$ cat run-v3.cif   # mmCIF, C-alpha atoms; chains and numbers go by the auth columns
data_run
loop_
_atom_site.group_PDB
_atom_site.id
_atom_site.type_symbol
_atom_site.label_atom_id
_atom_site.label_comp_id
_atom_site.label_asym_id
_atom_site.label_seq_id
_atom_site.Cartn_x
_atom_site.Cartn_y
_atom_site.Cartn_z
_atom_site.B_iso_or_equiv
_atom_site.auth_seq_id
_atom_site.auth_asym_id
ATOM 1 C CA MET A 1 77.838 77.332 -2.757 0.00 169 A
ATOM 2 C CA ASP A 2 77.371 78.585 -6.323 0.00 170 A
ATOM 3 C CA GLY A 3 77.076 82.141 -5.025 0.00 171 A
ATOM 4 C CA LEU A 4 80.247 81.908 -2.940 0.00 172 A
ATOM 5 C CA ARG A 5 82.114 80.378 -5.879 0.00 173 A
ATOM 6 C CA SER A 6 80.999 83.262 -8.111 0.00 174 A
ATOM 7 C CA ILE A 7 82.011 85.831 -5.496 0.00 175 A
ATOM 8 C CA ALA A 8 85.457 84.259 -4.996 0.00 176 A
ATOM 9 C CA LYS A 9 86.040 84.023 -8.747 0.00 177 A
ATOM 10 C CA THR A 10 84.901 87.613 -9.335 0.00 178 A
ATOM 11 C CA PHE A 11 86.811 89.072 -6.383 0.00 179 A
ATOM 12 C CA TRP A 12 90.085 87.392 -7.329 0.00 180 A
ATOM 13 C CA VAL A 13 90.080 87.654 -11.123 0.00 181 A
ATOM 14 C CA GLY A 14 88.368 91.047 -11.124 0.00 182 A
ATOM 15 C CA GLY A 15 90.903 92.301 -8.594 0.00 183 A
ATOM 16 C CA LEU A 16 93.787 91.096 -10.766 0.00 184 A
ATOM 17 C CA TRP A 17 92.418 92.951 -13.766 0.00 185 A
ATOM 18 C CA VAL A 18 91.475 96.160 -11.965 0.00 186 A
ATOM 19 C CA ILE A 19 94.826 96.460 -10.211 0.00 187 A
ATOM 20 C CA GLY A 20 96.935 95.444 -13.216 0.00 188 A
ATOM 21 C CA ILE A 21 95.058 97.204 -16.005 0.00 189 A
ATOM 22 C CA LEU A 22 93.498 100.242 -14.354 0.00 190 A
ATOM 23 C CA VAL A 23 94.902 101.171 -10.948 0.00 191 A
ATOM 24 C CA THR A 24 98.644 100.683 -11.487 0.00 192 A
ATOM 25 C CA PRO A 25 98.843 102.730 -14.709 0.00 193 A
ATOM 26 C CA VAL A 26 96.830 105.509 -13.034 0.00 194 A
ATOM 27 C CA LEU A 27 99.167 105.474 -10.026 0.00 195 A
ATOM 28 C CA PHE A 28 102.260 105.807 -12.206 0.00 196 A
ATOM 29 C CA SER A 29 100.718 108.541 -14.338 0.00 197 A
ATOM 30 C CA THR A 30 99.693 110.652 -11.347 0.00 198 A
ATOM 31 C CA LEU A 31 102.128 110.055 -8.503 0.00 199 A
ATOM 32 C CA ASP A 32 105.869 110.194 -8.025 0.00 200 A
ATOM 33 C CA ARG A 33 107.367 106.908 -9.276 0.00 201 A
ATOM 34 C CA ALA A 34 108.645 105.863 -5.849 0.00 202 A
ATOM 35 C CA ILE A 35 105.295 106.460 -4.151 0.00 203 A
ATOM 36 C CA ALA A 36 103.377 104.847 -7.032 0.00 204 A
ATOM 37 C CA GLY A 37 105.654 101.810 -6.842 0.00 205 A
ATOM 38 C CA MET A 38 105.178 101.510 -3.101 0.00 206 A
ATOM 39 C CA VAL A 39 101.367 101.745 -3.374 0.00 207 A
ATOM 40 C CA ALA A 40 101.272 99.345 -6.345 0.00 208 A
ATOM 41 C CA GLY A 41 103.432 96.881 -4.405 0.00 209 A
ATOM 42 C CA LYS A 42 100.982 96.958 -1.499 0.00 210 A
ATOM 43 C CA LEU A 43 98.058 96.415 -3.890 0.00 211 A
ATOM 44 C CA PHE A 44 99.785 93.472 -5.575 0.00 212 A
ATOM 45 C CA ALA A 45 100.568 91.956 -2.176 0.00 213 A
ATOM 46 C CA GLY A 46 96.944 92.404 -1.136 0.00 214 A
ATOM 47 C CA ILE A 47 95.561 90.725 -4.241 0.00 215 A
ATOM 48 C CA ALA A 48 98.079 87.907 -3.758 0.00 216 A
ATOM 49 C CA TRP A 49 96.561 87.159 -0.341 0.00 217 A
ATOM 50 C CA VAL A 50 93.073 87.388 -1.841 0.00 218 A
ATOM 51 C CA GLY A 51 94.238 84.914 -4.481 0.00 219 A
ATOM 52 C CA LEU A 52 95.620 82.488 -1.919 0.00 220 A
ATOM 53 C CA VAL A 53 92.338 82.431 0.022 0.00 221 A
ATOM 54 C CA CYS A 54 90.130 82.297 -3.079 0.00 222 A
ATOM 55 C CA ALA A 55 92.228 79.581 -4.755 0.00 223 A
ATOM 56 C CA VAL A 56 92.087 77.316 -1.722 0.00 224 A
ATOM 57 C CA PHE A 57 88.338 77.874 -1.418 0.00 225 A
ATOM 58 C CA LEU A 58 87.714 77.283 -5.144 0.00 226 A
ATOM 59 C CA MET A 59 89.826 74.125 -5.260 0.00 227 A
ATOM 60 C CA VAL A 60 88.284 72.657 -2.107 0.00 228 A
ATOM 61 C CA GLU A 61 84.795 73.564 -3.322 0.00 229 A
ATOM 62 C CA GLN A 62 85.478 71.862 -6.670 0.00 230 A
ATOM 63 C CA VAL A 63 86.500 68.638 -4.937 0.00 231 A
ATOM 64 C CA TRP A 64 83.593 68.935 -2.478 0.00 232 A
ATOM 65 C CA ARG A 65 81.123 69.331 -5.345 0.00 233 A
ATOM 66 C CA HIS A 66 82.537 66.667 -7.693 0.00 234 A
ATOM 67 C CA GLY A 67 84.485 64.375 -5.375 0.00 235 A
ATOM 68 C CA VAL A 68 87.813 63.093 -6.620 0.00 236 A
ATOM 69 C CA ARG A 69 86.644 63.779 -10.191 0.00 237 A
ATOM 70 C CA GLY A 70 86.856 67.488 -9.297 0.00 238 A
ATOM 71 C CA VAL A 71 90.644 67.243 -9.545 0.00 239 A
ATOM 72 C CA GLN A 72 90.286 66.104 -13.151 0.00 240 A
ATOM 73 C CA THR A 73 88.399 69.226 -14.290 0.00 241 A
ATOM 74 C CA THR A 74 89.894 72.025 -16.326 0.00 242 A
ATOM 75 C CA SER A 75 88.594 74.552 -13.785 0.00 243 A
ATOM 76 C CA PHE A 76 90.539 72.902 -10.974 0.00 244 A
ATOM 77 C CA TRP A 77 93.787 73.035 -12.961 0.00 245 A
ATOM 78 C CA LEU A 78 93.206 76.634 -14.080 0.00 246 A
ATOM 79 C CA VAL A 79 92.796 77.672 -10.440 0.00 247 A
ATOM 80 C CA PHE A 80 95.836 75.578 -9.487 0.00 248 A
ATOM 81 C CA ALA A 81 97.934 77.280 -12.204 0.00 249 A
ATOM 82 C CA MET A 82 96.744 80.712 -11.034 0.00 250 A
ATOM 83 C CA LEU A 83 97.609 79.755 -7.452 0.00 251 A
ATOM 84 C CA LEU A 84 101.060 78.656 -8.579 0.00 252 A
ATOM 85 C CA CYS A 85 101.557 82.036 -10.298 0.00 253 A
ATOM 86 C CA THR A 86 100.528 83.783 -7.073 0.00 254 A
ATOM 87 C CA LEU A 87 102.878 81.691 -4.937 0.00 255 A
ATOM 88 C CA VAL A 88 105.874 82.204 -7.238 0.00 256 A
ATOM 89 C CA ASN A 89 105.287 85.936 -7.659 0.00 257 A
ATOM 90 C CA HIS A 90 104.486 86.718 -4.025 0.00 258 A
ATOM 91 C CA PHE A 91 106.915 84.440 -2.194 0.00 259 A
ATOM 92 C CA ALA A 92 109.824 84.130 -4.667 0.00 260 A
ATOM 93 C CA VAL A 93 109.972 87.003 -7.148 0.00 261 A
ATOM 94 C CA SER A 94 108.658 89.863 -4.968 0.00 262 A
ATOM 95 C CA PRO A 95 111.264 89.323 -2.222 0.00 263 A
ATOM 96 C CA ILE A 96 114.011 89.340 -4.882 0.00 264 A
ATOM 97 C CA ILE A 97 112.639 92.601 -6.298 0.00 265 A
ATOM 98 C CA ALA A 98 112.533 94.131 -2.807 0.00 266 A
ATOM 99 C CA ASP A 99 116.131 93.065 -2.194 0.00 267 A
ATOM 100 C CA VAL A 100 117.319 94.470 -5.527 0.00 268 A
ATOM 101 C CA LYS A 101 115.521 97.754 -4.815 0.00 269 A
ATOM 102 C CA LEU A 102 117.187 97.932 -1.398 0.00 270 A
ATOM 103 C CA GLN A 103 120.586 97.350 -2.991 0.00 271 A
ATOM 104 C CA MET A 104 119.839 100.032 -5.597 0.00 272 A
ATOM 105 C CA ASN A 105 119.059 102.481 -2.825 0.00 273 A
ATOM 106 C CA GLN A 106 122.336 101.703 -1.101 0.00 274 A
ATOM 107 C CA ALA A 107 124.602 102.021 -4.148 0.00 275 A
ATOM 108 C CA ALA A 108 124.697 103.335 -7.685 0.00 276 A
ATOM 109 C CA GLU A 109 122.109 101.671 -9.933 0.00 277 A
ATOM 110 C CA GLY A 110 124.659 100.965 -12.648 0.00 278 A
ATOM 111 C CA LEU A 111 126.446 98.399 -10.472 0.00 279 A
ATOM 112 C CA PHE A 112 123.522 95.982 -10.682 0.00 280 A
ATOM 113 C CA GLY A 113 123.119 95.794 -14.452 0.00 281 A
ATOM 114 C CA GLY A 114 119.345 96.143 -14.626 0.00 282 A
ATOM 115 C CA GLY A 115 118.520 93.458 -12.066 0.00 283 A
ATOM 116 C CA PHE A 116 115.396 95.316 -11.058 0.00 284 A
ATOM 117 C CA ALA A 117 114.158 95.617 -14.647 0.00 285 A
ATOM 118 C CA THR A 118 114.742 91.909 -15.278 0.00 286 A
ATOM 119 C CA TRP A 119 112.920 90.752 -12.147 0.00 287 A
ATOM 120 C CA HIS A 120 110.142 93.272 -12.682 0.00 288 A
ATOM 121 C CA ALA A 121 109.659 91.920 -16.227 0.00 289 A
ATOM 122 C CA ILE A 122 109.528 88.348 -14.909 0.00 290 A
ATOM 123 C CA SER A 123 106.968 89.374 -12.316 0.00 291 A
ATOM 124 C CA SER A 124 104.913 91.215 -14.941 0.00 292 A
ATOM 125 C CA LEU A 125 104.905 88.183 -17.237 0.00 293 A
ATOM 126 C CA ILE A 126 103.784 85.900 -14.412 0.00 294 A
ATOM 127 C CA TYR A 127 101.019 88.390 -13.560 0.00 295 A
ATOM 128 C CA LEU A 128 99.979 88.540 -17.226 0.00 296 A
ATOM 129 C CA LEU A 129 99.876 84.729 -17.432 0.00 297 A
ATOM 130 C CA GLN A 130 97.795 84.625 -14.260 0.00 298 A
ATOM 131 C CA SER A 131 95.404 87.243 -15.666 0.00 299 A
ATOM 132 C CA VAL A 132 94.982 85.296 -18.917 0.00 300 A
ATOM 133 C CA LEU A 133 94.369 82.078 -16.967 0.00 301 A
ATOM 134 C CA GLY A 134 91.780 84.035 -14.977 0.00 302 A
ATOM 135 C CA LEU A 135 90.117 85.141 -18.199 0.00 303 A
ATOM 136 C CA VAL A 136 89.868 81.522 -19.360 0.00 304 A
ATOM 137 C CA TYR A 137 88.559 80.479 -15.942 0.00 305 A
ATOM 138 C CA VAL A 138 85.859 83.157 -15.924 0.00 306 A
ATOM 139 C CA TRP A 139 84.931 82.374 -19.539 0.00 307 A
ATOM 140 C CA ARG A 140 84.290 78.712 -18.696 0.00 308 A
ATOM 141 C CA HIS A 141 80.912 77.725 -17.239 0.00 309 A
ATOM 142 C CA GLU A 142 81.830 74.879 -14.870 0.00 310 A
#
$ encode --input "run-v3.cif" --output "structure tokens"
Amino acid sequence: MDGLRSIAKTFWVGGLWVIGILVTPVLFSTLDRAIAGMVAGKLFAGIAWVGLVCAVFLMVEQVWRHGVRGVQTTSFWLVFAMLLCTLVNHFAVSPIIADVKLQMNQAAEGLFGGGFATWHAISSLIYLLQSVLGLVYVWRHE
């Protein structure tokens, strides 16, 4: 189980970092903004699903390994907080961003007063928080 836990942790947290720190900036520096945004959106959606699977596995494994005391560990709550970030970003904020982008495509951008920028900033902050929580989780040796 230790090996699977390490793989899940590495795949999820490593994926967050690679997509957020390396891939997305490269996409926006090389491709048309619309195409880069579409590809980045698909990558963020993909890592969200990876996060959902890995979080459930890591939380269940923690309880399996430690029993009910597993819920009292810092690692459990770090994974839970990361899962919460994933759920909010993927199922609440991302649909709002998609809707705002659709509205922007159907009318002049000025009518919406920067709604996209605001929601994108919220999403970015949630992603940053999740990445920092991932750093703490990886740093710990539980």
$ resolve_selection --input "run-v3.cif" --expression "the PyMOL selection byres ((chain A and resi 294-310) around 7)" --output "PyMOL selection string"
chain A and resi 181+184-185+243+246+250+253+257+290-293
$ atom_distance --input "run-v3.cif" --atom1 "CA of Leu172 in chain A" --atom2 "CA of Val191 in chain A"
25.5 Å
$ atom_distance --input "run-v3.cif" --atom1 "CA of Val247 in chain A" --atom2 "CA of Gly219 in chain A"
9.5 Å
$ closest_residue --input "run-v3.cif" --among "A:Met206, A:Trp287, A:Lys177, A:Ile265" --to "Met227 in chain A" --atoms "only C-alpha atoms"
A:Lys177
$ resolve_selection --input "run-v3.cif" --expression "the PyMOL selection byres ((chain A and resi 217) around 12)" --output "list of chain:residue names"
A:Phe179, A:Trp180, A:Gly183, A:Leu184, A:Lys210, A:Leu211, A:Phe212, A:Ala213, A:Gly214, A:Ile215, A:Ala216, A:Val218, A:Gly219, A:Leu220, A:Val221, A:Cys222, A:Ala223, A:Val224, A:Leu251, A:Thr254, A:Leu255, A:Asn257, A:His258, A:Phe259
$ atom_distance --input "run-v3.cif" --atom1 "CA of Thr241 in chain A" --atom2 "CA of Val228 in chain A"
12.7 Å
$ closest_residue --input "run-v3.cif" --among "A:Leu226, A:Val231, A:Ile264, A:Met272" --to "Gly171 in chain A" --atoms "only C-alpha atoms"
A:Leu226
$ build_atoms --input "run-v3.cif" --residues "range 203-219 of chain A" --atoms "N, CA and C atoms" --output "PDB file, keeping the file's coordinate frame"
ATOM      1  N   ILE A 203     106.545 106.616  -4.898  1.00  0.00           N
ATOM      2  CA  ILE A 203     105.295 106.460  -4.151  1.00  0.00           C
ATOM      3  C   ILE A 203     104.352 105.525  -4.904  1.00  0.00           C
ATOM      4  N   ALA A 204     104.241 105.714  -6.223  1.00  0.00           N
ATOM      5  CA  ALA A 204     103.377 104.847  -7.032  1.00  0.00           C
ATOM      6  C   ALA A 204     103.831 103.392  -6.927  1.00  0.00           C
ATOM      7  N   GLY A 205     105.121 103.166  -6.969  1.00  0.00           N
ATOM      8  CA  GLY A 205     105.654 101.810  -6.842  1.00  0.00           C
ATOM      9  C   GLY A 205     105.349 101.199  -5.492  1.00  0.00           C
ATOM     10  N   MET A 206     105.470 102.012  -4.437  1.00  0.00           N
ATOM     11  CA  MET A 206     105.178 101.510  -3.101  1.00  0.00           C
ATOM     12  C   MET A 206     103.698 101.131  -2.976  1.00  0.00           C
ATOM     13  N   VAL A 207     102.808 102.010  -3.450  1.00  0.00           N
ATOM     14  CA  VAL A 207     101.367 101.745  -3.374  1.00  0.00           C
ATOM     15  C   VAL A 207     101.014 100.536  -4.246  1.00  0.00           C
ATOM     16  N   ALA A 208     101.549 100.482  -5.456  1.00  0.00           N
ATOM     17  CA  ALA A 208     101.272  99.345  -6.345  1.00  0.00           C
ATOM     18  C   ALA A 208     101.747  98.041  -5.707  1.00  0.00           C
ATOM     19  N   GLY A 209     102.918  98.073  -5.082  1.00  0.00           N
ATOM     20  CA  GLY A 209     103.432  96.881  -4.405  1.00  0.00           C
ATOM     21  C   GLY A 209     102.494  96.394  -3.317  1.00  0.00           C
ATOM     22  N   LYS A 210     101.948  97.325  -2.556  1.00  0.00           N
ATOM     23  CA  LYS A 210     100.982  96.958  -1.499  1.00  0.00           C
ATOM     24  C   LYS A 210      99.715  96.362  -2.107  1.00  0.00           C
ATOM     25  N   LEU A 211      99.253  96.938  -3.224  1.00  0.00           N
ATOM     26  CA  LEU A 211      98.058  96.415  -3.890  1.00  0.00           C
ATOM     27  C   LEU A 211      98.308  95.011  -4.442  1.00  0.00           C
ATOM     28  N   PHE A 212      99.460  94.800  -5.054  1.00  0.00           N
ATOM     29  CA  PHE A 212      99.785  93.472  -5.575  1.00  0.00           C
ATOM     30  C   PHE A 212      99.917  92.450  -4.448  1.00  0.00           C
ATOM     31  N   ALA A 213     100.485  92.859  -3.327  1.00  0.00           N
ATOM     32  CA  ALA A 213     100.568  91.956  -2.176  1.00  0.00           C
ATOM     33  C   ALA A 213      99.170  91.629  -1.652  1.00  0.00           C
ATOM     34  N   GLY A 214      98.315  92.630  -1.603  1.00  0.00           N
ATOM     35  CA  GLY A 214      96.944  92.404  -1.136  1.00  0.00           C
ATOM     36  C   GLY A 214      96.187  91.438  -2.023  1.00  0.00           C
ATOM     37  N   ILE A 215      96.291  91.619  -3.327  1.00  0.00           N
ATOM     38  CA  ILE A 215      95.561  90.725  -4.241  1.00  0.00           C
ATOM     39  C   ILE A 215      96.183  89.327  -4.236  1.00  0.00           C
ATOM     40  N   ALA A 216      97.460  89.232  -3.896  1.00  0.00           N
ATOM     41  CA  ALA A 216      98.079  87.907  -3.758  1.00  0.00           C
ATOM     42  C   ALA A 216      97.429  87.145  -2.605  1.00  0.00           C
ATOM     43  N   TRP A 217      97.218  87.819  -1.474  1.00  0.00           N
ATOM     44  CA  TRP A 217      96.561  87.159  -0.341  1.00  0.00           C
ATOM     45  C   TRP A 217      95.112  86.816  -0.663  1.00  0.00           C
ATOM     46  N   VAL A 218      94.433  87.701  -1.380  1.00  0.00           N
ATOM     47  CA  VAL A 218      93.073  87.388  -1.841  1.00  0.00           C
ATOM     48  C   VAL A 218      93.122  86.131  -2.706  1.00  0.00           C
ATOM     49  N   GLY A 219      94.093  86.066  -3.601  1.00  0.00           N
ATOM     50  CA  GLY A 219      94.238  84.914  -4.481  1.00  0.00           C
ATOM     51  C   GLY A 219      94.502  83.628  -3.725  1.00  0.00           C
TER      52      GLY A 219
END
